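S.K.: What follows is the file coords.txt, containing compact mmCIF, C-alpha atoms and all ligand atoms:
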```
# COMPACT_ATOMS: atom_id res chain seq x y z
CA MET A 1 0.00 0.00 0.00
CA LYS A 2 1.22 3.45 -0.86
CA LEU A 3 1.31 6.03 1.90
CA ILE A 4 1.88 9.71 2.41
CA TYR A 5 4.81 10.09 4.80
CA LEU A 6 4.75 13.07 7.10
CA VAL A 7 8.29 13.78 8.30
CA PRO A 8 9.04 15.95 11.35
CA MET A 9 12.28 17.86 10.87
CA GLY A 10 13.33 19.73 14.01
CA ASP A 11 11.10 20.75 16.91
CA ILE A 12 7.52 20.05 15.79
CA ASP A 13 4.64 19.66 18.24
CA PRO A 14 3.24 16.08 18.02
CA ASP A 15 -0.33 17.47 18.18
CA ILE A 16 0.34 19.54 15.08
CA LEU A 17 1.74 16.50 13.29
CA GLU A 18 -1.34 14.52 14.20
CA SER A 19 -3.67 17.30 12.98
CA ALA A 20 -1.70 17.56 9.74
CA ALA A 21 -1.88 13.79 9.20
CA LEU A 22 -5.66 13.79 9.69
CA CYS A 23 -6.10 16.82 7.45
CA LEU A 24 -4.06 15.22 4.63
CA TRP A 25 -6.03 12.02 4.90
CA HIS A 26 -9.32 13.93 4.75
CA THR A 27 -8.21 16.09 1.81
CA PHE A 28 -6.37 13.58 -0.37
CA GLY A 29 -8.01 10.32 0.72
CA ILE A 30 -4.67 8.57 1.14
CA GLU A 31 -3.42 7.02 4.33
CA VAL A 32 -0.81 9.06 6.15
CA THR A 33 1.94 7.89 8.45
CA VAL A 34 4.08 10.11 10.67
CA SER A 35 7.65 8.92 10.22
CA ASP A 36 10.61 9.09 12.59
CA PRO A 37 12.10 12.56 12.88
CA MET A 38 14.75 13.43 10.32
CA GLU A 39 17.72 15.69 10.97
CA VAL A 40 17.95 18.87 8.94
CA GLN A 41 21.08 18.47 6.83
CA THR A 42 23.63 20.99 8.12
CA ASP A 43 25.06 21.48 4.62
CA THR A 44 21.74 23.00 3.51
CA TYR A 45 22.37 25.95 5.87
CA ASP A 46 23.35 29.27 4.34
CA SER A 47 25.24 31.14 7.06
CA LYS A 48 24.95 34.49 5.25
CA ARG A 49 21.17 34.27 4.99
CA LYS A 50 20.78 32.32 8.26
CA GLN A 51 18.28 30.12 6.45
CA TYR A 52 18.12 26.62 5.02
CA GLY A 53 17.96 25.94 1.27
CA SER A 54 14.73 24.13 0.51
CA ILE A 55 15.95 22.81 -2.86
CA GLU A 56 18.77 20.94 -1.12
CA ILE A 57 16.45 19.65 1.62
CA LEU A 58 14.00 18.33 -1.00
CA ARG A 59 16.86 16.53 -2.71
CA ALA A 60 17.81 14.82 0.57
CA LEU A 61 14.17 13.92 1.24
CA LEU A 62 13.85 12.33 -2.17
CA LYS A 63 16.98 10.27 -1.59
CA SER A 64 15.72 8.92 1.72
CA ALA A 65 12.08 8.38 0.65
CA PRO A 66 10.78 4.96 1.76
CA LYS A 67 9.82 2.50 -1.00
CA ASP A 68 6.13 2.57 -0.12
CA ALA A 69 5.99 6.37 -0.07
CA LEU A 70 3.55 7.80 -2.59
CA ARG A 71 4.46 11.28 -1.38
CA VAL A 72 6.71 12.64 1.36
CA ILE A 73 5.95 15.91 3.08
CA ALA A 74 8.24 17.32 5.76
CA ILE A 75 7.43 19.92 8.40
CA THR A 76 10.39 21.85 9.75
CA ASP A 77 10.93 24.62 12.29
CA LYS A 78 13.81 25.98 10.20
CA ASP A 79 13.39 29.08 8.04
CA LEU A 80 13.61 28.17 4.35
CA PHE A 81 14.63 29.99 1.20
CA ILE A 82 15.06 29.48 -2.50
CA PRO A 83 17.66 31.67 -4.23
CA VAL A 84 15.18 34.07 -5.92
CA LEU A 85 13.02 34.65 -2.81
CA SER A 86 13.79 36.06 0.64
CA PHE A 87 11.89 33.18 2.24
CA VAL A 88 9.32 30.48 1.49
CA TYR A 89 6.58 29.07 3.74
CA GLY A 90 7.01 25.84 1.86
CA HIS A 91 8.29 24.26 -1.32
CA ALA A 92 7.27 21.22 -3.34
CA GLN A 93 8.16 19.64 -6.66
CA PHE A 94 5.19 20.13 -8.99
CA GLU A 95 3.70 16.66 -9.53
CA GLY A 96 6.74 15.37 -7.71
CA LYS A 97 7.25 13.17 -4.72
CA VAL A 98 8.56 15.45 -2.00
CA GLY A 99 7.61 18.72 -0.35
CA ILE A 100 8.35 20.71 2.78
CA VAL A 101 6.60 23.27 4.98
CA SER A 102 8.37 25.59 7.41
CA ILE A 103 6.62 26.73 10.57
CA ALA A 104 9.32 29.34 11.32
CA ARG A 105 7.17 32.22 10.04
CA LEU A 106 3.84 30.63 10.97
CA ARG A 107 4.43 31.14 14.70
CA GLN A 108 2.83 34.19 16.30
CA GLU A 109 6.12 34.78 18.18
CA TYR A 110 7.79 35.57 14.84
CA TYR A 111 5.57 38.67 14.60
CA GLY A 112 6.05 39.70 18.24
CA PHE A 113 2.83 38.15 19.60
CA PRO A 114 2.43 35.53 22.35
CA ALA A 115 2.55 31.91 21.19
CA ASP A 116 -0.80 30.54 19.97
CA LYS A 117 -0.97 26.84 19.23
CA GLU A 118 -4.39 26.99 17.54
CA ILE A 119 -3.26 29.69 15.10
CA LEU A 120 -0.01 27.83 14.42
CA THR A 121 -1.93 24.60 13.78
CA GLN A 122 -4.35 26.23 11.33
CA ARG A 123 -1.56 27.96 9.41
CA THR A 124 0.44 24.74 9.25
CA LEU A 125 -2.53 22.76 7.91
CA LYS A 126 -3.13 25.32 5.14
CA GLU A 127 0.49 25.16 4.01
CA VAL A 128 0.66 21.37 4.27
CA VAL A 129 -2.44 21.08 2.05
CA HIS A 130 -0.95 23.70 -0.32
CA GLU A 131 2.39 21.94 -0.83
CA THR A 132 0.79 18.50 -1.02
CA GLY A 133 -1.66 19.92 -3.56
CA HIS A 134 1.33 20.86 -5.75
CA LEU A 135 2.60 17.27 -5.47
CA PHE A 136 -0.75 16.11 -6.85
CA GLY A 137 -0.62 18.56 -9.75
CA LEU A 138 -2.59 21.50 -8.38
CA THR A 139 -1.40 24.96 -9.39
CA HIS A 140 -2.04 28.28 -7.64
CA CYS A 141 -5.71 29.17 -7.29
CA SER A 142 -7.32 32.60 -7.71
CA ASP A 143 -9.83 31.92 -4.94
CA VAL A 144 -8.39 33.78 -1.92
CA ALA A 145 -10.16 31.40 0.48
CA CYS A 146 -8.66 28.28 -1.12
CA PRO A 147 -5.49 26.82 0.43
CA MET A 148 -4.00 26.62 -3.10
CA THR A 149 -3.91 30.41 -3.36
CA LEU A 150 -0.37 31.83 -3.17
CA SER A 151 0.35 33.55 0.15
CA THR A 152 3.33 35.87 0.15
CA ASN A 153 2.65 37.21 3.63
CA ILE A 154 0.94 36.07 6.83
CA ARG A 155 -2.11 38.29 6.27
CA LEU A 156 -2.84 36.54 2.96
CA LEU A 157 -2.15 33.19 4.56
CA ASP A 158 -4.61 33.87 7.39
CA ARG A 159 -7.28 34.87 4.88
CA LYS A 160 -7.38 31.46 3.27
CA GLY A 161 -8.92 28.28 4.64
CA VAL A 162 -7.90 24.65 4.96
CA THR A 163 -10.51 23.18 2.59
CA LEU A 164 -9.85 23.07 -1.16
CA CYS A 165 -12.25 25.07 -3.32
CA GLU A 166 -14.60 23.21 -5.65
CA SER A 167 -12.49 23.62 -8.79
CA CYS A 168 -9.25 22.51 -7.07
CA MET A 169 -11.12 19.52 -5.64
CA LEU A 170 -12.38 18.59 -9.12
CA LEU A 171 -8.92 18.96 -10.62
CA LEU A 172 -7.46 16.86 -7.82
CA LYS A 173 -9.95 14.06 -8.49
CA GLU A 174 -9.13 14.15 -12.22
CA ASN A 175 -5.40 14.07 -11.51
CA MET A 176 -5.79 11.13 -9.17
CA LEU A 177 -7.85 9.16 -11.71
CA GLU A 178 -5.13 9.61 -14.32
CA LYS A 179 -2.52 8.04 -12.05
ZN ZN B 201 2.49 27.20 -4.11
ZN ZN B 202 -8.76 26.44 -5.36
```
Translate this structure into structure tokens?

M.R.:
Amino acid sequence: MKLIYLVPMGDIDPDILESAALCLWHTFGIEVTVSDPMEVQTDTYDSKRKQYGSIEILRALLKSAPKDALRVIAITDKDLFIPVLSFVYGHAQFEGKVGIVSIARLRQEYYGFPADKEILTQRTLKEVVHETGHLFGLTHCSDVACPMTLSTNIRLLDRKGVTLCESCMLLLKENMLEK
């Protein structure tokens, strides 16, 4: 049986992992397993930017993907970047196997507010659905309430929901039938 592997990378609250696993199962209809934690590869760290390169992390994830993994999605507490952007909330190969979400900028503390687990959980779920959606061939959506909409800041991220819009859901079903 093929599974979605959810990989904790760094300090990730087990409750958030469990919520993310449930949410993925509900959204994509594929069984999810939370794997053992994986170390963040130190050679993906850019000391000038004080961030981790998501392209390099995805490469490492792909290399270590279990045989029965249909998709692998990691959640890390490390701040991520790709060379053309100052940061990314997440990154996934389009129609690929591996993706990653960073909670570094999803925490209320990052913006100078007290920690809020519920807010962090909701933001994480939206981004996990977003990156996993890319893995299943979904592109960015123009519906601002759909998790597949592109969020370039936390205000835009908070505006969207966790549930895919009707057209993304339809596209997802079509994509899954083709496979
Ligand atoms: Zn995206
Ligand atoms: Zn949509």

S.K.: Mind listing the residues within 8 Å of ligand ZN 201 (chain B), only C-alpha atoms and all ligand atoms counted, as a PyMOL selection string?

M.R.: chain A and resi 90-92+130-131+134+139-140+148-151

S.K.: How many Å separate CA of Leu170 (chain A) from CA of Arg155 (chain A)?

M.R.: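 Taking CA of Leu170 (chain A) and CA of Arg155 (chain A), their separation equals 27.0 Å.
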
S.K.: Of the residues A:Glu174, A:Thr42, A:Thr163, A:Trp25, which is the one nearest to ligand ZN 202 (chain B), using all atoms listed in the file?

M.R.: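 Comparing A:Glu174, A:Thr42, A:Thr163, A:Trp25 against ligand ZN 202 (chain B), the winner is A:Thr163.
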
S.K.: Give me, as a list in words, the set of residues whose atoms come within 8 Å of any atom of ligand ZN 202 (chain B), counting all atoms listed in the file.

M.R.: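 Checking all atoms listed in the file against ligand ZN 202 (chain B) at 8 Å gives His140, Cys141, Ser142, Asp143, Ala145, Cys146, Pro147, Met148, Thr149, Leu164, Cys165, Glu166, Ser167, Cys168 and Met169 of chain A.
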
S.K.: Which of these residues is nearest to Lys160 (chain A), using only C-alpha atoms: A:Val32, A:Val129, A:Leu58, A:Met176?

M.R.: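 Of the candidates, the smallest distance to Lys160 (chain A) is held by A:Val129.
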
S.K.: Using CA of Gln108 (chain A) and CA of Asp158 (chain A) as the two end points, give the distance in Å to one decimal.

M.R.: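 It comes out at 11.6 Å.
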
S.K.: Mind giving me the straight-line distance from CA of Lys63 (chain A) to CA of Tyr5 (chain A) in Å, one decimal?

M.R.: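 Going from CA of Lys63 (chain A) over to CA of Tyr5 (chain A) covers 13.7 Å.
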
S.K.: Which residues of region 22-89 of chain A come within 12 Å of region 102-107 of chain A, and for each one, what is the closest pair of atoms and their distance in Å to one decimal, counting all atoms listed in the file, sorted by chain and residue number, as JSON lines?

M.R.:
```
{"residue": "A:Val40", "atom": "CA", "partner": "A:Ser102", "partner_atom": "CA", "distance": 11.8}
{"residue": "A:Gln51", "atom": "CA", "partner": "A:Ala104", "partner_atom": "CA", "distance": 10.2}
{"residue": "A:Tyr52", "atom": "CA", "partner": "A:Ser102", "partner_atom": "CA", "distance": 10.1}
{"residue": "A:Gly53", "atom": "CA", "partner": "A:Ser102", "partner_atom": "CA", "distance": 11.4}
{"residue": "A:Ser54", "atom": "CA", "partner": "A:Ser102", "partner_atom": "CA", "distance": 9.5}
{"residue": "A:Ile57", "atom": "CA", "partner": "A:Ser102", "partner_atom": "CA", "distance": 11.6}
{"residue": "A:Ile73", "atom": "CA", "partner": "A:Ser102", "partner_atom": "CA", "distance": 10.9}
{"residue": "A:Ala74", "atom": "CA", "partner": "A:Ser102", "partner_atom": "CA", "distance": 8.4}
{"residue": "A:Ile75", "atom": "CA", "partner": "A:Ser102", "partner_atom": "CA", "distance": 5.8}
{"residue": "A:Thr76", "atom": "CA", "partner": "A:Ser102", "partner_atom": "CA", "distance": 4.9}
{"residue": "A:Asp77", "atom": "CA", "partner": "A:Ala104", "partner_atom": "CA", "distance": 5.1}
{"residue": "A:Lys78", "atom": "CA", "partner": "A:Ala104", "partner_atom": "CA", "distance": 5.7}
{"residue": "A:Asp79", "atom": "CA", "partner": "A:Ala104", "partner_atom": "CA", "distance": 5.2}
{"residue": "A:Leu80", "atom": "CA", "partner": "A:Ser102", "partner_atom": "CA", "distance": 6.6}
{"residue": "A:Phe81", "atom": "CA", "partner": "A:Ser102", "partner_atom": "CA", "distance": 9.9}
{"residue": "A:Phe87", "atom": "CA", "partner": "A:Arg105", "partner_atom": "CA", "distance": 9.2}
{"residue": "A:Val88", "atom": "CA", "partner": "A:Ser102", "partner_atom": "CA", "distance": 7.7}
{"residue": "A:Tyr89", "atom": "CA", "partner": "A:Ser102", "partner_atom": "CA", "distance": 5.4}
```

S.K.: Please provide as a list in words all residues within 8 Å of Thr33 (chain A), with the sequence filter that same-chain residues fewer than 2 positions apart are discarded (counting only C-alpha atoms).

M.R.: Leu3, Ile4, Tyr5, Leu6, Ala21, Glu31 and Ser35 of chain A

S.K.: Using all atoms listed in the file, find the one residue out of A:Val128, A:Gly99, A:Tyr111, A:Glu178 that sits nearest to Asn153 (chain A).

M.R.: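 Closest to Asn153 (chain A), using all atoms listed in the file: A:Tyr111.
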
S.K.: For Gly137 (chain A), list every protein, DNA or RNA residue within 9 Å, evaluated using only C-alpha atoms, and leave out those in the same chain fewer than 2 positions away; present the list as a ChimeraX atom specification.

M.R.: /A:94-96,132-135,139,171-172,175

S.K.: Select, from A:Asp46, A:Gln93, A:Ser19, A:Met1, the residue with the minimum atom-to-atom distance to Lys67 (chain A), counting all atoms listed in the file.

M.R.: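 Closest to Lys67 (chain A) of all the choices is A:Met1.
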